[in-house]
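Participant: TSV, C-alpha atoms, saved as model_33.tsv, coming up:
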chain	number	residue	atom	x	y	z
A	7	MET	CA	0.00	0.00	0.00
A	8	LYS	CA	1.04	3.63	-0.41
A	9	ILE	CA	2.10	5.65	2.61
A	10	GLU	CA	-0.92	7.92	2.17
A	11	GLU	CA	-3.26	4.92	2.33
A	12	PHE	CA	-1.50	3.66	5.45
A	13	VAL	CA	-2.01	7.00	7.21
A	14	GLU	CA	-5.60	7.35	6.00
A	15	ARG	CA	-6.59	3.93	7.33
A	16	ALA	CA	-4.62	4.26	10.58
A	17	THR	CA	-6.17	7.63	11.38
A	18	GLN	CA	-9.65	6.16	11.22
A	19	LEU	CA	-8.81	4.86	14.71
A	20	LEU	CA	-6.19	7.51	15.49
A	21	PRO	CA	-7.95	10.71	14.36
A	22	LEU	CA	-5.63	13.64	13.79
A	23	GLY	CA	-8.25	15.98	15.25
A	24	VAL	CA	-8.01	14.53	18.78
A	25	ALA	CA	-4.30	15.29	19.11
A	26	LEU	CA	-3.11	18.25	21.15
A	27	GLU	CA	-2.93	21.52	19.25
A	28	ASN	CA	0.37	22.06	17.43
A	29	ASP	CA	1.45	18.44	17.84
A	30	ARG	CA	3.56	17.22	14.92
A	31	ILE	CA	1.92	14.06	13.63
A	32	GLY	CA	1.36	12.25	10.36
A	33	ILE	CA	3.88	11.90	7.55
A	34	GLN	CA	7.20	13.50	8.53
A	35	ILE	CA	9.47	11.96	5.90
A	36	LYS	CA	8.37	10.51	2.58
A	37	THR	CA	11.01	8.86	0.43
A	38	LYS	CA	10.84	7.67	-3.17
A	39	LYS	CA	9.85	4.12	-2.19
A	40	SER	CA	6.29	3.69	-3.41
A	41	ASN	CA	4.95	0.69	-1.49
A	42	ILE	CA	4.82	0.01	2.24
A	43	ASN	CA	5.30	-3.68	3.07
A	44	LYS	CA	7.46	-3.79	6.22
A	45	ILE	CA	7.05	-1.42	9.17
A	46	LEU	CA	9.16	-0.91	12.28
A	47	LEU	CA	7.28	0.47	15.29
A	48	THR	CA	9.36	2.52	17.71
A	49	TYR	CA	9.03	4.83	20.68
A	50	GLU	CA	11.39	7.40	19.14
A	51	ILE	CA	14.12	7.76	16.54
A	52	THR	CA	17.78	7.25	17.44
A	53	PRO	CA	20.76	6.21	15.28
A	54	GLU	CA	20.41	2.69	16.69
A	55	VAL	CA	16.74	2.57	15.64
A	56	VAL	CA	17.73	3.63	12.11
A	57	ASP	CA	20.34	0.86	12.06
A	58	GLU	CA	17.70	-1.62	13.20
A	59	ALA	CA	15.35	-0.41	10.45
A	60	ARG	CA	18.10	-0.91	7.87
A	61	MET	CA	18.84	-4.41	9.15
A	62	LEU	CA	15.16	-5.36	8.95
A	63	GLN	CA	14.90	-3.72	5.51
A	64	VAL	CA	11.69	-1.92	6.43
A	65	ASP	CA	9.98	0.63	4.24
A	66	LEU	CA	8.47	2.71	7.04
A	67	LEU	CA	9.20	3.75	10.60
A	68	VAL	CA	6.22	4.57	12.81
A	69	SER	CA	7.32	6.58	15.82
A	70	PHE	CA	5.51	7.85	18.90
A	71	HIS	CA	7.80	10.81	19.56
A	72	PRO	CA	8.05	13.17	16.59
A	73	LEU	CA	11.47	13.58	15.02
A	74	LEU	CA	10.46	16.94	13.54
A	75	TYR	CA	8.86	19.02	16.28
A	76	TYR	CA	10.37	22.47	16.12
A	77	PRO	CA	10.86	24.32	12.82
A	78	ILE	CA	14.29	23.67	11.35
A	79	ASP	CA	16.28	26.29	9.45
A	80	ASN	CA	18.74	23.86	7.92
A	81	ILE	CA	19.65	20.19	7.80
A	82	SER	CA	23.15	19.41	9.04
A	83	ILE	CA	24.63	16.02	9.89
A	84	ASP	CA	26.27	17.73	12.89
A	85	ASP	CA	22.81	18.20	14.40
A	86	ARG	CA	20.95	15.20	15.90
A	87	VAL	CA	17.71	15.80	13.99
A	88	GLY	CA	19.48	16.71	10.76
A	89	PHE	CA	21.65	13.60	10.97
A	90	LEU	CA	18.65	11.32	11.50
A	91	ILE	CA	16.72	12.92	8.65
A	92	SER	CA	19.66	12.39	6.29
A	93	GLU	CA	20.14	8.78	7.43
A	94	LEU	CA	16.49	7.89	6.87
A	95	ILE	CA	16.45	9.47	3.43
A	96	LYS	CA	19.67	7.69	2.45
A	97	ALA	CA	18.17	4.40	3.62
A	98	ASP	CA	14.95	5.14	1.67
A	99	ILE	CA	12.87	4.75	4.85
A	100	SER	CA	9.81	6.95	5.39
A	101	LEU	CA	8.61	8.20	8.78
A	102	VAL	CA	5.11	8.56	10.19
A	103	VAL	CA	4.31	9.82	13.69
A	104	PHE	CA	1.30	9.09	15.89
A	105	HIS	CA	1.78	10.94	19.17
A	106	THR	CA	-0.95	12.60	21.22
A	107	ASN	CA	-3.63	11.11	18.99
A	108	PHE	CA	-2.45	7.72	20.32
A	109	ASP	CA	-2.51	9.18	23.85
A	110	ALA	CA	-6.14	10.17	23.35
A	111	ILE	CA	-7.65	6.82	22.34
A	112	ARG	CA	-9.11	4.17	24.61
A	113	GLY	CA	-6.34	1.61	24.87
A	114	GLY	CA	-3.70	4.29	24.20
A	115	THR	CA	-0.59	5.31	26.14
A	116	SER	CA	-2.06	5.85	29.61
A	117	TRP	CA	-4.35	2.81	29.27
A	118	LEU	CA	-1.38	0.57	28.51
A	119	PHE	CA	0.37	1.69	31.71
A	120	ALA	CA	-2.81	1.41	33.80
A	121	GLU	CA	-3.49	-2.13	32.61
A	122	LYS	CA	0.11	-3.15	33.29
A	123	LEU	CA	-0.25	-1.67	36.79
A	124	GLY	CA	-3.33	-3.79	37.40
A	125	LEU	CA	-5.98	-1.07	37.60
A	126	LYS	CA	-9.60	-2.05	36.97
A	127	ASN	CA	-12.66	-0.12	35.73
A	128	ILE	CA	-10.45	2.16	33.65
A	129	ASP	CA	-11.95	5.26	32.06
A	130	ILE	CA	-10.81	8.58	30.57
A	131	LEU	CA	-9.63	11.23	33.04
A	132	VAL	CA	-10.29	14.34	30.90
A	133	LYS	CA	-12.60	13.84	27.93
A	134	ASN	CA	-12.24	15.77	24.68
A	135	GLU	CA	-15.09	18.29	24.51
A	136	LYS	CA	-15.66	17.76	20.78
A	137	PHE	CA	-14.97	14.02	20.77
A	138	PRO	CA	-16.07	12.59	24.16
A	139	GLU	CA	-14.93	9.07	23.27
A	140	PHE	CA	-11.37	10.41	23.28
A	141	GLY	CA	-9.38	12.18	25.95
A	142	PHE	CA	-6.22	12.32	28.05
A	143	GLY	CA	-5.19	10.32	31.07
A	144	VAL	CA	-7.10	7.59	32.81
A	145	VAL	CA	-8.77	6.81	36.12
A	146	GLY	CA	-8.95	3.35	37.63
A	147	GLU	CA	-8.91	1.43	40.86
A	148	PHE	CA	-7.38	-1.56	42.56
A	149	ASP	CA	-9.57	-4.34	43.91
A	150	ASN	CA	-8.49	-3.46	47.44
A	151	TYR	CA	-6.77	-0.62	49.27
A	152	LEU	CA	-2.97	-0.85	49.18
A	153	ASP	CA	-0.51	0.55	51.68
A	154	ILE	CA	1.96	3.04	50.27
A	155	ASN	CA	4.92	0.66	50.01
A	156	THR	CA	2.84	-1.98	48.23
A	157	PHE	CA	1.53	0.63	45.80
A	158	LEU	CA	5.00	2.01	45.06
A	159	ASP	CA	6.30	-1.52	44.61
A	160	LYS	CA	3.57	-2.12	42.01
A	161	VAL	CA	4.58	1.03	40.10
A	162	GLN	CA	8.24	0.07	40.22
A	163	GLY	CA	7.31	-3.39	39.00
A	164	VAL	CA	6.08	-1.76	35.78
A	165	THR	CA	9.00	0.64	35.33
A	166	SER	CA	12.08	-0.84	37.06
A	167	SER	CA	13.07	2.74	37.89
A	168	PRO	CA	13.60	4.77	41.06
A	169	LEU	CA	10.44	6.67	41.97
A	170	ARG	CA	10.05	10.30	43.00
A	171	TRP	CA	6.95	10.74	45.12
A	172	CYS	CA	5.23	12.67	47.88
A	173	LEU	CA	2.59	11.78	50.46
A	174	GLY	CA	-1.04	12.61	49.80
A	175	LYS	CA	-3.88	12.91	52.28
A	176	ASP	CA	-4.32	9.13	52.71
A	177	VAL	CA	-1.96	6.28	53.58
A	178	LYS	CA	-4.09	3.75	51.69
A	179	ILE	CA	-4.30	3.79	47.90
A	180	LYS	CA	-7.15	2.44	45.79
A	181	ASN	CA	-8.33	5.08	43.31
A	182	VAL	CA	-5.57	6.13	40.93
A	183	SER	CA	-5.33	8.62	38.07
A	184	LEU	CA	-2.42	8.77	35.68
A	185	VAL	CA	-1.22	10.53	32.56
A	186	ALA	CA	1.68	8.86	30.78
A	187	GLY	CA	4.44	11.31	29.87
A	188	SER	CA	4.41	14.95	30.97
A	189	GLY	CA	0.92	15.22	32.41
A	190	ILE	CA	1.11	17.29	35.59
A	191	SER	CA	-1.23	19.87	34.01
A	192	PHE	CA	-4.03	17.32	34.58
A	193	VAL	CA	-3.45	16.94	38.33
A	194	GLU	CA	-6.38	19.19	39.27
A	195	SER	CA	-8.72	16.84	37.42
A	196	ALA	CA	-7.35	13.97	39.51
A	197	LEU	CA	-8.02	16.00	42.67
A	198	GLU	CA	-11.56	16.80	41.57
A	199	ILE	CA	-12.51	13.14	41.25
A	200	GLY	CA	-10.93	12.29	44.61
A	201	ALA	CA	-8.04	10.15	43.40
A	202	ASP	CA	-5.74	8.86	46.13
A	203	ALA	CA	-2.70	9.07	43.85
A	204	PHE	CA	-1.68	10.63	40.54
A	205	ILE	CA	1.12	9.15	38.44
A	206	THR	CA	2.85	11.18	35.74
A	207	ALA	CA	6.35	12.18	34.64
A	208	ASP	CA	8.57	15.27	34.68
A	209	ILE	CA	7.16	16.67	37.94
A	210	LYS	CA	8.99	19.73	39.25
A	211	TYR	CA	10.25	20.01	42.84
A	212	HIS	CA	7.91	22.86	43.77
A	213	THR	CA	4.95	20.94	42.36
A	214	PHE	CA	5.61	18.19	44.90
A	215	HIS	CA	5.49	20.88	47.59
A	216	LYS	CA	2.24	22.28	46.25
A	217	TYR	CA	0.34	18.98	46.32
A	218	SER	CA	2.00	17.30	49.31
A	219	GLY	CA	-0.72	16.33	51.74
A	220	LYS	CA	-3.42	16.78	49.08
A	221	ILE	CA	-2.78	13.92	46.68
A	222	MET	CA	0.03	11.41	46.39
A	223	LEU	CA	2.23	12.22	43.37
A	224	VAL	CA	4.44	9.58	41.79
A	225	ASP	CA	6.97	10.28	39.03
A	226	PRO	CA	8.52	7.09	37.58
A	227	GLY	CA	10.15	8.83	34.60
A	228	HIS	CA	9.03	9.79	31.08
A	229	TRP	CA	10.31	6.85	29.04
A	230	GLU	CA	9.20	4.54	31.83
A	231	MET	CA	5.56	5.54	31.41
A	232	GLU	CA	5.53	5.27	27.61
A	233	TYR	CA	7.78	2.37	26.62
A	234	LEU	CA	4.75	0.15	26.03
A	235	VAL	CA	3.57	2.27	23.07
A	236	PRO	CA	5.28	0.34	20.24
A	237	LEU	CA	3.58	-2.87	21.37
A	238	GLY	CA	0.32	-0.92	21.58
A	239	PHE	CA	0.88	0.22	17.99
A	240	LYS	CA	1.38	-3.39	16.92
A	241	ASN	CA	-1.82	-4.59	18.56
A	242	LEU	CA	-3.77	-1.76	16.92
A	243	PHE	CA	-2.28	-2.11	13.43
A	244	GLU	CA	-2.72	-5.88	13.43
A	245	ARG	CA	-6.47	-5.23	13.60
A	246	ILE	CA	-6.41	-2.57	10.87
A	247	PHE	CA	-4.01	-4.21	8.39
A	248	ILE	CA	-4.75	-7.92	8.74
A	249	ASN	CA	-1.99	-9.82	6.91
A	250	GLN	CA	-1.26	-6.78	4.69
A	251	VAL	CA	2.02	-5.58	6.17
A	252	GLU	CA	4.82	-7.06	8.27
A	253	LEU	CA	5.05	-5.35	11.67
A	254	TYR	CA	8.16	-5.29	13.84
A	255	VAL	CA	8.45	-3.84	17.35
A	256	SER	CA	11.78	-2.12	17.92
A	257	LYS	CA	14.09	-3.81	20.41
A	258	VAL	CA	16.26	-0.71	20.86
A	259	TYR	CA	16.41	0.77	24.37
A	260	THR	CA	16.15	4.53	23.75
A	261	ASN	CA	15.96	5.97	27.29
A	262	PRO	CA	18.69	8.67	27.51
A	263	VAL	CA	18.27	9.12	31.28
A	264	LYS	CA	20.75	7.17	33.40
A	265	TYR	CA	20.43	6.39	37.12
A	266	PHE	CA	23.15	6.10	39.74
A	267	VAL	CA	21.53	4.37	42.72
A	268	ASN	CA	23.95	1.55	43.61
A	269	GLU	CA	22.16	-0.69	41.12
A	270	ASN	CA	22.25	-0.50	37.36
A	271	TYR	CA	18.57	0.26	36.77
A	272	ASN	CA	19.09	0.84	33.06
A	273	GLU	CA	20.42	-2.67	32.59
A	274	ILE	CA	17.47	-4.00	34.58
A	275	GLN	CA	15.08	-2.06	32.33
A	276	LYS	CA	16.74	-3.33	29.19
A	277	SER	CA	16.57	-6.94	30.33
A	278	LYS	CA	13.02	-6.82	31.78
A	279	LEU	CA	10.94	-4.35	29.83
A	280	LEU	CA	11.86	-4.86	26.18
A	281	LYS	CA	10.81	-8.48	25.95
Let me see whether you can do it: turn the structure in this file into structure tokens.
Facilitator:
Amino acid sequence: MKIEEFVERATQLLPLGVALENDRIGIQIKTKKSNINKILLTYEITPEVVDEARMLQVDLLVSFHPLLYYPIDNISIDDRVGFLISELIKADISLVVFHTNFDAIRGGTSWLFAEKLGLKNIDILVKNEKFPEFGFGVVGEFDNYLDINTFLDKVQGVTSSPLRWCLGKDVKIKNVSLVAGSGISFVESALEIGADAFITADIKYHTFHKYSGKIMLVDPGHWEMEYLVPLGFKNLFERIFINQVELYVSKVYTNPVKYFVNENYNEIQKSKLLK
């Protein structure tokens, strides 16, 4: 199929209109190759991912994180983005991005994390006003109340990363809201529905101060909350393109954040999470 047909059919379930304003999604690089037969699904683009795509001889990369996000004035191989653009074009590999439109669907980014965490009765945290079947973040609950250490152990079981967190108003956790990635702007919605805890990434120090004693905040890391996306892509596309394309999930560990905590957490993540 042509790349335009691939995007048209994929966006029937991943509508472009439900993405956040100014997100960079859709076709980002289109090469001269006319037909799409083999696709590599990745969290983001790195030189190692491009090498993997070459080795697999794919025609298309589908990435969650956009490669082209900010306007570029020139393309230089001395620049990370410019180098990756040039490498993909040389390899005749096109690039399509589904980012916050994948966040917004039922079964999308936050749902994947919530299901892995073991939450039940999952629903959308903040619904899209124009498209109420779509939205950002999720709410869910455990079967029983958990003490704080048990809850944190469950989160770490999903991420294999050190956790940054603060106490909320309760020492027992059952109702949980979460937004995978940088989602602290949704914390007030979690407060409004009475969540015991809110999980998201990239929380600032003073934000922990602001909500300490009001709601438990947990920050497991950005990559750690979104690494399940390529597998989510595969499950979705297998339903859309039954036996029409070959789908590969990238095995490259792209997390640039390293931890020094007397254990090599990055090696643990690589061995546990990318299976």
Participant: Out of A:Ile35, A:Ile246, A:Leu19, A:Ile190, which residue has the shortest atom-to-atom distance to Phe108 in chain A when counting only C-alpha atoms?
Facilitator: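 Smallest distance to Phe108 in chain A is found for A:Leu19.
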Participant: Got a sec: who's within 6 Å of Phe70 in chain A, counting only C-alpha atoms, leaving out chain neighbours fewer than 6 positions off, as a ChimeraX atom specification?
Facilitator: /A:49-50,103-105
Participant: So, with only C-alpha atoms as the atoms that count, which of A:Glu58, A:Leu20, A:Ile83, A:Glu93 lies closest to Thr37 in chain A?
Facilitator: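 The shortest atom-to-atom distance to Thr37 in chain A comes from A:Glu93.
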Participant: Could you pull the residues within 9 Å of range 248-259 of chain A, counting only C-alpha atoms, minus those fewer than 6 positions along the same chain, as a PyMOL selection string?
Facilitator: chain A and resi 7+42-49+52+54-55+58-59+62+64+236-237+239-240+275-276+280-281
Participant: Using C-alpha atoms, can you export the residues from the last selection as a PDB file, in the frame of the given file?
Facilitator:
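Dumped to out25.pdb:
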ATOM      1  CA  MET A   7       0.000   0.000   0.000  1.00  0.00           C
ATOM      2  CA  ILE A  42       4.820   0.010   2.240  1.00  0.00           C
ATOM      3  CA  ASN A  43       5.300  -3.680   3.070  1.00  0.00           C
ATOM      4  CA  LYS A  44       7.460  -3.790   6.220  1.00  0.00           C
ATOM      5  CA  ILE A  45       7.050  -1.420   9.170  1.00  0.00           C
ATOM      6  CA  LEU A  46       9.160  -0.910  12.280  1.00  0.00           C
ATOM      7  CA  LEU A  47       7.280   0.470  15.290  1.00  0.00           C
ATOM      8  CA  THR A  48       9.360   2.520  17.710  1.00  0.00           C
ATOM      9  CA  TYR A  49       9.030   4.830  20.680  1.00  0.00           C
ATOM     10  CA  THR A  52      17.780   7.250  17.440  1.00  0.00           C
ATOM     11  CA  GLU A  54      20.410   2.690  16.690  1.00  0.00           C
ATOM     12  CA  VAL A  55      16.740   2.570  15.640  1.00  0.00           C
ATOM     13  CA  GLU A  58      17.700  -1.620  13.200  1.00  0.00           C
ATOM     14  CA  ALA A  59      15.350  -0.410  10.450  1.00  0.00           C
ATOM     15  CA  LEU A  62      15.160  -5.360   8.950  1.00  0.00           C
ATOM     16  CA  VAL A  64      11.690  -1.920   6.430  1.00  0.00           C
ATOM     17  CA  PRO A 236       5.280   0.340  20.240  1.00  0.00           C
ATOM     18  CA  LEU A 237       3.580  -2.870  21.370  1.00  0.00           C
ATOM     19  CA  PHE A 239       0.880   0.220  17.990  1.00  0.00           C
ATOM     20  CA  LYS A 240       1.380  -3.390  16.920  1.00  0.00           C
ATOM     21  CA  GLN A 275      15.080  -2.060  32.330  1.00  0.00           C
ATOM     22  CA  LYS A 276      16.740  -3.330  29.190  1.00  0.00           C
ATOM     23  CA  LEU A 280      11.860  -4.860  26.180  1.00  0.00           C
ATOM     24  CA  LYS A 281      10.810  -8.480  25.950  1.00  0.00           C
TER      25      LYS A 281
END
Participant: Given the choices A:Gly219, A:Lys278, A:Tyr75, A:Leu26, which gets closest to Gln162 in chain A if the distance is worked out from all atoms listed in the file?
Facilitator: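 Looking at the shortest contact to Gln162 in chain A, the residue is A:Lys278.
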Participant: Can you measure CA of Ile51 in chain A to CA of Ile81 in chain A for me? One decimal in Å is fine.
Facilitator: 16.2 Å
Participant: Using all atoms listed in the file, which residue out of A:Ile31, A:Leu94, A:Ile209, A:Ala120 lies closest to Lys160 in chain A?
Facilitator: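 The shortest atom-to-atom distance to Lys160 in chain A comes from A:Ala120.
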Participant: Figure out the distance between CA of Phe148 in chain A and CA of Val182 in chain A, please, to one decimal in Å.
Facilitator: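 Straight-line distance from CA of Val182 in chain A to CA of Phe148 in chain A works out to 8.1 Å.
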Participant: So that I can see what lies close to range 183-187 of chain A, please list as a list in words the residues with an atom at most 6 Å from it, counting all atoms listed in the file and leaving out residues fewer than 2 positions away in the same chain.
Facilitator: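 The residues satisfying every condition are Ser116, Gly143, Val144, Val145, Gly189, Ala196, Phe204, Ile205, Thr206, Ala207, His228 and Met231 of chain A.
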Participant: Identify the residues around (-4.7, -2.6, 36.6) within a radius of 12 Å, measuring from only C-alpha atoms in the coordinates stated by the file, and give them as number ranges by chain.
Facilitator: A: 116-129, 144-150, 157, 160-161, 164, 180-184
Participant: Could you turn the residues from that selection into a file that holds C-alpha atoms, as a compact mmCIF listing (two decimals), in the coordinates of the input?
Facilitator:
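selection36.txt was written with the following content:
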# COMPACT_ATOMS: atom_id res chain seq x y z
CA SER A 116 -2.06 5.85 29.61
CA TRP A 117 -4.35 2.81 29.27
CA LEU A 118 -1.38 0.57 28.51
CA PHE A 119 0.37 1.69 31.71
CA ALA A 120 -2.81 1.41 33.80
CA GLU A 121 -3.49 -2.13 32.61
CA LYS A 122 0.11 -3.15 33.29
CA LEU A 123 -0.25 -1.67 36.79
CA GLY A 124 -3.33 -3.79 37.40
CA LEU A 125 -5.98 -1.07 37.60
CA LYS A 126 -9.60 -2.05 36.97
CA ASN A 127 -12.66 -0.12 35.73
CA ILE A 128 -10.45 2.16 33.65
CA ASP A 129 -11.95 5.26 32.06
CA VAL A 144 -7.10 7.59 32.81
CA VAL A 145 -8.77 6.81 36.12
CA GLY A 146 -8.95 3.35 37.63
CA GLU A 147 -8.91 1.43 40.86
CA PHE A 148 -7.38 -1.56 42.56
CA ASP A 149 -9.57 -4.34 43.91
CA ASN A 150 -8.49 -3.46 47.44
CA PHE A 157 1.53 0.63 45.80
CA LYS A 160 3.57 -2.12 42.01
CA VAL A 161 4.58 1.03 40.10
CA VAL A 164 6.08 -1.76 35.78
CA LYS A 180 -7.15 2.44 45.79
CA ASN A 181 -8.33 5.08 43.31
CA VAL A 182 -5.57 6.13 40.93
CA SER A 183 -5.33 8.62 38.07
CA LEU A 184 -2.42 8.77 35.68
Participant: From the set A:Gln63, A:Ser277, A:Ser92, A:Thr106, which residue has the shortest atom-to-atom contact distance to Asn28 in chain A, counting all atoms listed in the file?
Facilitator: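 Going through A:Gln63, A:Ser277, A:Ser92, A:Thr106 one by one, the smallest distance to Asn28 in chain A is for A:Thr106.
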Participant: Interatomic distance between CA of Pro262 in chain A and CA of Ile95 in chain A?
Facilitator: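 One can read the CA of Pro262 in chain A to CA of Ile95 in chain A distance as 24.2 Å.
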Participant: Measuring atom to atom with only C-alpha atoms, identify which of A:Ile99, A:Leu169, A:Val24, A:Leu197 is nearest to Glu139 in chain A.
Facilitator: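 Residue with the minimum atom-to-atom distance to Glu139 in chain A: A:Val24.
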Participant: Can you complete the atoms of range 247-261 of chain A to N, CA and C atoms and list them as a PDB file, in the frame of the given file?
Facilitator:
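Saved to selection06.pdb:
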ATOM      1  N   PHE A 247      -4.674  -3.728   9.616  1.00  0.00           N
ATOM      2  CA  PHE A 247      -4.010  -4.210   8.390  1.00  0.00           C
ATOM      3  C   PHE A 247      -3.792  -5.723   8.491  1.00  0.00           C
ATOM      4  N   ILE A 248      -4.862  -6.473   8.542  1.00  0.00           N
ATOM      5  CA  ILE A 248      -4.750  -7.920   8.740  1.00  0.00           C
ATOM      6  C   ILE A 248      -3.992  -8.550   7.572  1.00  0.00           C
ATOM      7  N   ASN A 249      -2.812  -9.109   7.885  1.00  0.00           N
ATOM      8  CA  ASN A 249      -1.990  -9.820   6.910  1.00  0.00           C
ATOM      9  C   ASN A 249      -1.612  -8.986   5.685  1.00  0.00           C
ATOM     10  N   GLN A 250      -1.595  -7.643   5.842  1.00  0.00           N
ATOM     11  CA  GLN A 250      -1.260  -6.780   4.690  1.00  0.00           C
ATOM     12  C   GLN A 250       0.142  -6.190   4.786  1.00  0.00           C
ATOM     13  N   VAL A 251       0.663  -6.087   5.989  1.00  0.00           N
ATOM     14  CA  VAL A 251       2.020  -5.580   6.170  1.00  0.00           C
ATOM     15  C   VAL A 251       2.706  -6.402   7.255  1.00  0.00           C
ATOM     16  N   GLU A 252       4.039  -6.423   7.211  1.00  0.00           N
ATOM     17  CA  GLU A 252       4.820  -7.060   8.270  1.00  0.00           C
ATOM     18  C   GLU A 252       5.141  -6.004   9.325  1.00  0.00           C
ATOM     19  N   LEU A 253       4.844  -6.297  10.586  1.00  0.00           N
ATOM     20  CA  LEU A 253       5.050  -5.350  11.670  1.00  0.00           C
ATOM     21  C   LEU A 253       6.145  -5.848  12.609  1.00  0.00           C
ATOM     22  N   TYR A 254       7.082  -4.969  12.915  1.00  0.00           N
ATOM     23  CA  TYR A 254       8.160  -5.290  13.840  1.00  0.00           C
ATOM     24  C   TYR A 254       8.163  -4.254  14.967  1.00  0.00           C
ATOM     25  N   VAL A 255       8.322  -4.729  16.196  1.00  0.00           N
ATOM     26  CA  VAL A 255       8.450  -3.840  17.350  1.00  0.00           C
ATOM     27  C   VAL A 255       9.929  -3.647  17.638  1.00  0.00           C
ATOM     28  N   SER A 256      10.371  -2.400  17.697  1.00  0.00           N
ATOM     29  CA  SER A 256      11.780  -2.120  17.920  1.00  0.00           C
ATOM     30  C   SER A 256      12.265  -2.716  19.237  1.00  0.00           C
ATOM     31  N   LYS A 257      13.469  -3.258  19.209  1.00  0.00           N
ATOM     32  CA  LYS A 257      14.090  -3.810  20.410  1.00  0.00           C
ATOM     33  C   LYS A 257      15.167  -2.878  20.964  1.00  0.00           C
ATOM     34  N   VAL A 258      15.230  -1.669  20.423  1.00  0.00           N
ATOM     35  CA  VAL A 258      16.260  -0.710  20.860  1.00  0.00           C
ATOM     36  C   VAL A 258      15.794   0.008  22.123  1.00  0.00           C
ATOM     37  N   TYR A 259      16.666   0.058  23.119  1.00  0.00           N
ATOM     38  CA  TYR A 259      16.410   0.770  24.370  1.00  0.00           C
ATOM     39  C   TYR A 259      16.835   2.222  24.164  1.00  0.00           C
ATOM     40  N   THR A 260      15.861   3.142  24.139  1.00  0.00           N
ATOM     41  CA  THR A 260      16.150   4.530  23.750  1.00  0.00           C
ATOM     42  C   THR A 260      16.237   5.504  24.920  1.00  0.00           C
ATOM     43  N   ASN A 261      15.989   5.053  26.148  1.00  0.00           N
ATOM     44  CA  ASN A 261      15.960   5.970  27.290  1.00  0.00           C
ATOM     45  C   ASN A 261      17.313   6.640  27.478  1.00  0.00           C
TER      46      ASN A 261
END
